file data33.cif (mmCIF, C-alpha atoms)
data_query
loop_
_atom_site.label_atom_id
_atom_site.label_comp_id
_atom_site.auth_asym_id
_atom_site.auth_seq_id
_atom_site.Cartn_x
_atom_site.Cartn_y
_atom_site.Cartn_z
CA MET A 989 -78.93 21.97 -34.04
CA SER A 990 -79.24 18.33 -33.01
CA GLY A 991 -75.77 17.53 -34.27
CA ASP A 992 -74.31 20.54 -32.50
CA PHE A 993 -75.73 19.48 -29.15
CA ASP A 994 -74.74 15.84 -29.70
CA ASP A 995 -71.14 16.92 -30.32
CA PHE A 996 -71.23 19.22 -27.30
CA PHE A 997 -72.56 16.43 -25.09
CA ARG A 998 -69.93 13.91 -26.20
CA THR A 999 -67.11 16.39 -25.69
CA ALA A 1000 -68.20 17.90 -22.37
CA TYR A 1001 -69.68 14.81 -20.70
CA PRO A 1002 -66.50 13.09 -19.37
CA ARG A 1003 -65.11 16.27 -17.83
CA LEU A 1004 -68.46 17.23 -16.33
CA MET A 1005 -68.95 13.79 -14.78
CA ALA A 1006 -65.47 13.88 -13.28
CA ARG A 1007 -66.09 17.27 -11.73
CA ALA A 1008 -69.52 16.22 -10.49
CA VAL A 1009 -68.09 13.20 -8.66
CA LEU A 1010 -65.56 15.45 -6.96
CA LEU A 1011 -68.30 17.86 -5.90
CA CYS A 1012 -70.90 15.26 -4.90
CA GLY A 1013 -68.69 12.70 -3.25
CA ASN A 1014 -70.79 9.95 -4.80
CA ARG A 1015 -71.53 8.74 -8.30
CA ALA A 1016 -75.33 8.47 -8.08
CA ASP A 1017 -75.83 12.15 -7.30
CA ALA A 1018 -73.15 13.06 -9.83
CA GLU A 1019 -75.08 11.33 -12.61
CA ASP A 1020 -78.30 13.07 -11.57
CA ALA A 1021 -76.65 16.50 -11.42
CA VAL A 1022 -74.98 16.04 -14.80
CA ALA A 1023 -78.18 14.84 -16.47
CA GLN A 1024 -80.14 17.77 -15.01
CA ALA A 1025 -77.48 20.27 -16.08
CA PHE A 1026 -77.36 18.95 -19.64
CA ALA A 1027 -81.16 18.92 -19.78
CA GLU A 1028 -81.34 22.57 -18.76
CA VAL A 1029 -78.69 23.56 -21.30
CA ALA A 1030 -80.48 21.55 -23.98
CA ARG A 1031 -83.74 23.40 -23.35
CA ASN A 1032 -81.87 26.68 -23.83
CA TRP A 1033 -79.50 25.45 -26.53
CA ASP A 1034 -80.30 28.23 -29.00
CA THR A 1035 -79.01 30.71 -26.42
CA ALA A 1036 -76.34 28.60 -24.71
CA SER A 1037 -74.69 27.59 -27.98
CA GLY A 1038 -74.01 31.25 -28.70
CA TYR A 1039 -72.05 31.83 -25.49
CA ASP A 1040 -68.29 32.32 -25.71
CA ALA A 1041 -67.82 29.36 -23.34
CA PRO A 1042 -70.93 27.15 -23.26
CA GLU A 1043 -69.09 24.48 -21.27
CA ALA A 1044 -68.36 27.00 -18.51
CA TYR A 1045 -72.08 27.77 -18.38
CA LEU A 1046 -72.75 24.03 -18.19
CA HIS A 1047 -70.34 23.64 -15.26
CA VAL A 1048 -71.98 26.47 -13.32
CA THR A 1049 -75.39 24.92 -13.96
CA MET A 1050 -74.15 21.53 -12.76
CA THR A 1051 -72.69 23.02 -9.57
CA ARG A 1052 -76.04 24.54 -8.69
CA LYS A 1053 -77.76 21.22 -9.36
CA VAL A 1054 -75.30 19.50 -7.01
CA PHE A 1055 -76.23 21.76 -4.13
CA ARG A 1056 -79.92 21.46 -4.86
CA LEU A 1057 -79.61 17.68 -4.71
CA ARG A 1058 -77.66 17.93 -1.47
CA ARG A 1059 -80.41 19.95 0.15
CA GLN A 1060 -83.03 17.50 -1.08
CA ARG A 1061 -81.30 14.29 -0.05
CA LEU A 1062 -78.94 15.24 2.78
CA ARG A 1063 -76.95 12.08 2.24
CA GLN A 1064 -73.34 11.18 1.69
CA GLU A 1065 -71.90 7.96 0.32
CA GLU A 1066 -68.42 6.55 0.31
CA VAL A 1067 -66.59 6.86 -3.00
CA ALA A 1068 -65.19 3.35 -2.51
CA ALA A 1069 -68.66 1.92 -3.09
CA LEU A 1070 -69.36 3.87 -6.27
CA GLU A 1071 -68.06 1.46 -8.90
CA LEU A 1072 -65.88 4.21 -10.31
CA PRO A 1073 -64.92 3.91 -13.98
CA VAL A 1074 -61.45 2.67 -14.81
CA SER A 1075 -59.22 4.80 -16.98
CA PRO A 1076 -57.80 2.70 -19.83
CA TYR A 1077 -54.65 4.83 -19.82
CA ALA A 1078 -53.70 4.80 -16.14
CA THR A 1079 -51.21 2.51 -14.47
CA PRO A 1080 -52.32 0.55 -11.38
CA HIS A 1081 -50.42 3.00 -9.19
CA GLU A 1082 -52.11 6.00 -10.84
CA ALA A 1083 -55.52 4.38 -10.37
CA TRP A 1084 -54.79 3.66 -6.71
CA ALA A 1085 -53.60 7.24 -6.14
CA ALA A 1086 -56.68 8.71 -7.83
CA LYS A 1087 -59.05 6.56 -5.79
CA GLU A 1088 -57.29 7.57 -2.59
CA VAL A 1089 -57.68 11.27 -3.45
CA LEU A 1090 -61.35 10.81 -4.29
CA ALA A 1091 -62.03 8.94 -1.06
CA VAL A 1092 -60.42 11.67 1.04
CA VAL A 1093 -62.21 14.49 -0.80
CA ALA A 1094 -65.53 12.65 -0.50
CA GLY A 1095 -65.05 12.55 3.26
CA LEU A 1096 -65.10 16.34 3.53
CA PRO A 1097 -68.28 18.23 4.45
CA PRO A 1098 -70.07 19.21 1.20
CA VAL A 1099 -69.33 22.94 1.39
CA GLN A 1100 -65.65 22.38 2.17
CA ARG A 1101 -65.46 19.95 -0.74
CA ALA A 1102 -66.97 22.47 -3.15
CA VAL A 1103 -64.80 25.35 -1.95
CA LEU A 1104 -61.68 23.19 -2.29
CA VAL A 1105 -62.55 22.13 -5.84
CA HIS A 1106 -63.46 25.58 -7.12
CA CYS A 1107 -60.54 27.38 -5.49
CA CYS A 1108 -57.85 24.79 -6.26
CA LEU A 1109 -58.97 23.49 -9.65
CA ASP A 1110 -60.70 26.55 -11.09
CA GLY A 1111 -58.63 29.24 -9.39
CA MET A 1112 -61.79 31.11 -8.45
CA GLN A 1113 -61.63 34.05 -6.10
CA GLN A 1114 -63.34 33.73 -2.74
CA ALA A 1115 -66.06 36.23 -3.67
CA GLU A 1116 -66.84 34.24 -6.81
CA VAL A 1117 -67.06 30.99 -4.87
CA ALA A 1118 -69.34 32.54 -2.26
CA LYS A 1119 -71.70 33.80 -4.96
CA LEU A 1120 -71.72 30.49 -6.83
CA LEU A 1121 -72.39 28.40 -3.72
CA GLY A 1122 -74.73 30.87 -2.04
CA ILE A 1123 -72.65 31.16 1.13
CA LYS A 1124 -71.23 34.12 3.04
CA ARG A 1125 -68.02 35.47 1.59
CA GLY A 1126 -66.37 35.59 4.98
CA THR A 1127 -66.75 31.84 5.46
CA VAL A 1128 -64.95 30.78 2.28
CA ALA A 1129 -61.43 31.24 3.62
CA ALA A 1130 -62.17 29.13 6.70
CA HIS A 1131 -63.73 26.36 4.62
CA LEU A 1132 -60.77 26.38 2.25
CA HIS A 1133 -58.19 26.29 5.04
CA LYS A 1134 -59.87 23.37 6.79
CA ALA A 1135 -60.33 21.42 3.57
CA ARG A 1136 -56.77 21.92 2.34
CA ALA A 1137 -55.30 21.02 5.71
CA ALA A 1138 -57.40 17.88 6.08
CA VAL A 1139 -56.79 16.56 2.56
CA ALA A 1140 -53.08 17.37 2.50
CA LYS A 1141 -52.54 15.66 5.85
CA LYS A 1142 -54.47 12.50 4.97
CA LEU A 1143 -52.73 12.17 1.61
CA GLY A 1144 -49.28 12.86 3.05
CA LEU A 1145 -48.78 15.97 0.93
CA VAL A 1146 -47.66 18.36 3.66
CA ALA A 1147 -44.24 19.74 2.77
CA ALA A 1148 -41.56 19.82 5.44
CA ARG A 1149 -40.60 23.24 6.72
CA THR A 1150 -37.06 24.10 5.70
CA GLY A 1151 -34.83 27.11 6.01
CA ASP A 1152 -36.98 28.96 3.50
CA GLY A 1153 -39.72 29.17 6.08
CA LEU A 1154 -43.37 28.40 6.57
CA VAL A 1155 -44.63 30.31 3.52
CA THR A 1156 -42.56 28.21 1.11
CA ALA A 1157 -43.71 24.98 2.75
CA ALA A 1158 -47.35 26.05 2.53
CA ARG A 1159 -46.97 26.95 -1.14
CA GLU A 1160 -45.35 23.60 -1.92
CA THR A 1161 -48.11 21.77 -0.04
CA GLN A 1162 -50.75 23.62 -2.04
CA ASP A 1163 -48.99 22.82 -5.33
CA ARG A 1164 -48.89 19.12 -4.41
CA LEU A 1165 -52.57 19.19 -3.49
CA ILE A 1166 -53.62 20.87 -6.74
CA GLU A 1167 -51.59 18.36 -8.75
CA ALA A 1168 -53.20 15.45 -6.90
CA LEU A 1169 -56.69 16.84 -7.49
CA ARG A 1170 -56.01 17.41 -11.19
CA ASP A 1171 -54.61 13.91 -11.62
CA ALA A 1172 -57.68 12.40 -9.92
CA GLU A 1173 -60.07 14.45 -12.05
CA ARG A 1174 -58.20 13.49 -15.22
CA TRP A 1175 -58.34 9.81 -14.22
CA LEU A 1176 -62.08 10.08 -13.68
CA ALA A 1177 -62.66 11.87 -16.99
CA ASP A 1178 -60.72 9.21 -18.90
CA GLY A 1179 -62.74 6.51 -17.19
CA PHE A 1180 -66.09 8.12 -17.94
CA ALA A 1181 -65.05 8.72 -21.55
CA ALA A 1182 -64.48 4.96 -21.90
CA ASP A 1183 -67.65 3.92 -20.03
CA HIS A 1184 -70.26 4.04 -22.79
CA ALA A 1185 -73.00 2.49 -20.65
CA VAL A 1186 -72.99 5.35 -18.16
CA ARG A 1187 -72.81 7.93 -20.95
CA GLU A 1188 -75.87 6.44 -22.64
CA ARG A 1189 -77.74 6.29 -19.34
CA VAL A 1190 -77.08 9.97 -18.69
CA ARG A 1191 -77.97 10.91 -22.25
CA ALA A 1192 -81.24 8.99 -22.02
CA ALA A 1193 -82.10 10.92 -18.86
CA VAL A 1194 -81.35 14.19 -20.67
CA ASP A 1195 -83.63 13.27 -23.57
CA HIS A 1196 -86.37 12.07 -21.23
CA ALA A 1197 -86.38 15.43 -19.45
CA GLN A 1198 -87.08 17.35 -22.66
CA PRO A 1199 -90.48 18.48 -23.95
CA ARG A 1200 -92.06 16.26 -26.57
CA ARG A 1201 -90.92 18.53 -29.36
CA TRP A 1202 -87.26 17.63 -29.10
CA TRP A 1203 -84.77 17.03 -31.85
CA ARG A 1204 -83.93 13.51 -32.82
CA ARG A 1205 -80.46 12.41 -31.93
CA GLY A 1206 -78.09 12.05 -34.82
#
call {"tool": "encode", "arguments": {"input": "data33.cif", "output": "structure tokens"}}
result
Amino acid sequence: MSGDFDDFFRTAYPRLMARAVLLCGNRADAEDAVAQAFAEVARNWDTASGYDAPEAYLHVTMTRKVFRLRRQRLRQEEVAALELPVSPYATPHEAWAAKEVLAVVAGLPPVQRAVLVHCCLDGMQQAEVAKLLGIKRGTVAAHLHKARAAVAKKLGLVAARTGDGLVTAARETQDRLIEALRDAERWLADGFAADHAVRERVRAAVDHAQPRRWWRRG
């Protein structure tokens, strides 16, 4: 069982940290949310490991931790001051582009940021997002529209309207936005995968949160 969880942690950790930074808008809260999510999954590992998609369960748990932290702290930090990890595979231009995306997304109000991430990156329906975030279903569309418009404008992703009309331009703008978000998340995940110090810090927090009768790490 210990080995199974260790493997799960190593595999899921970089992606979860990347998503947490997008949702939190700052690295400190992202680390806390990820550690708390892994700790909860670890306590229920006998059950969670039997799920068809344990990482999906982990992501849902982390999202709920993010919003609990937000309510507790009511703070927001600039991504530029977060000492973000550096992907060993990205070019300087790719790193610059990813940081720009992260800075713009971090500047959104927390609910808009979460709606944008879940709708654009996960393809979740509005009813699903409302249930996950604990907000009214009727507000999701407004949050999504404002977030997409703000991010696309600041990043220069708005497509020009051509003879094909407004619908085509809007679709192209959305495609550009989704691609930019995915690239930024991938850049973050690669960076966190290479940053062993942060991984060990998060893992230590997970182990510390467990009851005394806890398996020894392999």
call {"tool": "residues_around", "arguments": {"input": "data33.cif", "residues": "region 1158-1172 of chain A", "least_positions_apart": "2", "cutoff": "8 Å", "atoms": "only C-alpha atoms", "output": "mmCIF file with C-alpha atoms, keeping the file's coordinate frame"}}
result
data_model
loop_
_atom_site.group_PDB
_atom_site.id
_atom_site.type_symbol
_atom_site.label_atom_id
_atom_site.label_comp_id
_atom_site.auth_asym_id
_atom_site.auth_seq_id
_atom_site.Cartn_x
_atom_site.Cartn_y
_atom_site.Cartn_z
ATOM 1 C CA ALA A 1085 -53.600 7.240 -6.140
ATOM 2 C CA ALA A 1086 -56.680 8.710 -7.830
ATOM 3 C CA LYS A 1087 -59.050 6.560 -5.790
ATOM 4 C CA VAL A 1089 -57.680 11.270 -3.450
ATOM 5 C CA LEU A 1090 -61.350 10.810 -4.290
ATOM 6 C CA CYS A 1108 -57.850 24.790 -6.260
ATOM 7 C CA LEU A 1109 -58.970 23.490 -9.650
ATOM 8 C CA ARG A 1136 -56.770 21.920 2.340
ATOM 9 C CA VAL A 1139 -56.790 16.560 2.560
ATOM 10 C CA ALA A 1140 -53.080 17.370 2.500
ATOM 11 C CA LEU A 1145 -48.780 15.970 0.930
ATOM 12 C CA VAL A 1146 -47.660 18.360 3.660
ATOM 13 C CA ALA A 1147 -44.240 19.740 2.770
ATOM 14 C CA LEU A 1154 -43.370 28.400 6.570
ATOM 15 C CA VAL A 1155 -44.630 30.310 3.520
ATOM 16 C CA THR A 1156 -42.560 28.210 1.110
ATOM 17 C CA ARG A 1174 -58.200 13.490 -15.220
ATOM 18 C CA TRP A 1175 -58.340 9.810 -14.220
ATOM 19 C CA LEU A 1176 -62.080 10.080 -13.680
#
call {"tool": "closest_residue", "arguments": {"input": "data33.cif", "among": "A:Pro1097, A:Pro1073, A:Gly1144, A:Gly1038", "to": "Ala1006 (chain A)", "atoms": "all atoms listed in the file"}}
result
A:Pro1073
call {"tool": "resolve_selection", "arguments": {"input": "data33.cif", "expression": "the PyMOL selection byres ((chain A and resi 1050) around 10)", "output": "list in words"}}
result
Leu1004, Met1005, Arg1007, Ala1008, Leu1011, Ala1018, Asp1020, Ala1021, Val1022, Ala1023, Gln1024, Ala1025, Phe1026, Glu1028, Val1029, Ala1044, Tyr1045, Leu1046, His1047, Val1048, Thr1049, Thr1051, Arg1052, Lys1053, Val1054, Phe1055 and Arg1056 of chain A
call {"tool": "atom_distance", "arguments": {"input": "data33.cif", "atom1": "CA of Val1103 (chain A)", "atom2": "CA of Leu1132 (chain A)"}}
result
5.9 Å
call {"tool": "resolve_selection", "arguments": {"input": "data33.cif", "expression": "the PyMOL selection byres ((chain A and resi 1186) around 12)", "output": "PyMOL selection string"}}
result
chain A and resi 1001-1002+1005+1015-1016+1018-1020+1022-1023+1071-1073+1179-1185+1187-1193
call {"tool": "write_last_selection", "arguments": {"input": "data33.cif", "atoms": "C-alpha atoms", "output": "PDB file, in the coordinates of the input"}}
result
ATOM      1  CA  TYR A1001     -69.680  14.810 -20.700  1.00  0.00           C
ATOM      2  CA  PRO A1002     -66.500  13.090 -19.370  1.00  0.00           C
ATOM      3  CA  MET A1005     -68.950  13.790 -14.780  1.00  0.00           C
ATOM      4  CA  ARG A1015     -71.530   8.740  -8.300  1.00  0.00           C
ATOM      5  CA  ALA A1016     -75.330   8.470  -8.080  1.00  0.00           C
ATOM      6  CA  ALA A1018     -73.150  13.060  -9.830  1.00  0.00           C
ATOM      7  CA  GLU A1019     -75.080  11.330 -12.610  1.00  0.00           C
ATOM      8  CA  ASP A1020     -78.300  13.070 -11.570  1.00  0.00           C
ATOM      9  CA  VAL A1022     -74.980  16.040 -14.800  1.00  0.00           C
ATOM     10  CA  ALA A1023     -78.180  14.840 -16.470  1.00  0.00           C
ATOM     11  CA  GLU A1071     -68.060   1.460  -8.900  1.00  0.00           C
ATOM     12  CA  LEU A1072     -65.880   4.210 -10.310  1.00  0.00           C
ATOM     13  CA  PRO A1073     -64.920   3.910 -13.980  1.00  0.00           C
ATOM     14  CA  GLY A1179     -62.740   6.510 -17.190  1.00  0.00           C
ATOM     15  CA  PHE A1180     -66.090   8.120 -17.940  1.00  0.00           C
ATOM     16  CA  ALA A1181     -65.050   8.720 -21.550  1.00  0.00           C
ATOM     17  CA  ALA A1182     -64.480   4.960 -21.900  1.00  0.00           C
ATOM     18  CA  ASP A1183     -67.650   3.920 -20.030  1.00  0.00           C
ATOM     19  CA  HIS A1184     -70.260   4.040 -22.790  1.00  0.00           C
ATOM     20  CA  ALA A1185     -73.000   2.490 -20.650  1.00  0.00           C
ATOM     21  CA  ARG A1187     -72.810   7.930 -20.950  1.00  0.00           C
ATOM     22  CA  GLU A1188     -75.870   6.440 -22.640  1.00  0.00           C
ATOM     23  CA  ARG A1189     -77.740   6.290 -19.340  1.00  0.00           C
ATOM     24  CA  VAL A1190     -77.080   9.970 -18.690  1.00  0.00           C
ATOM     25  CA  ARG A1191     -77.970  10.910 -22.250  1.00  0.00           C
ATOM     26  CA  ALA A1192     -81.240   8.990 -22.020  1.00  0.00           C
ATOM     27  CA  ALA A1193     -82.100  10.920 -18.860  1.00  0.00           C
TER      28      ALA A1193
END
call {"tool": "atom_distance", "arguments": {"input": "data33.cif", "atom1": "CA of Leu1096 (chain A)", "atom2": "CA of Lys1141 (chain A)"}}
result
12.8 Å
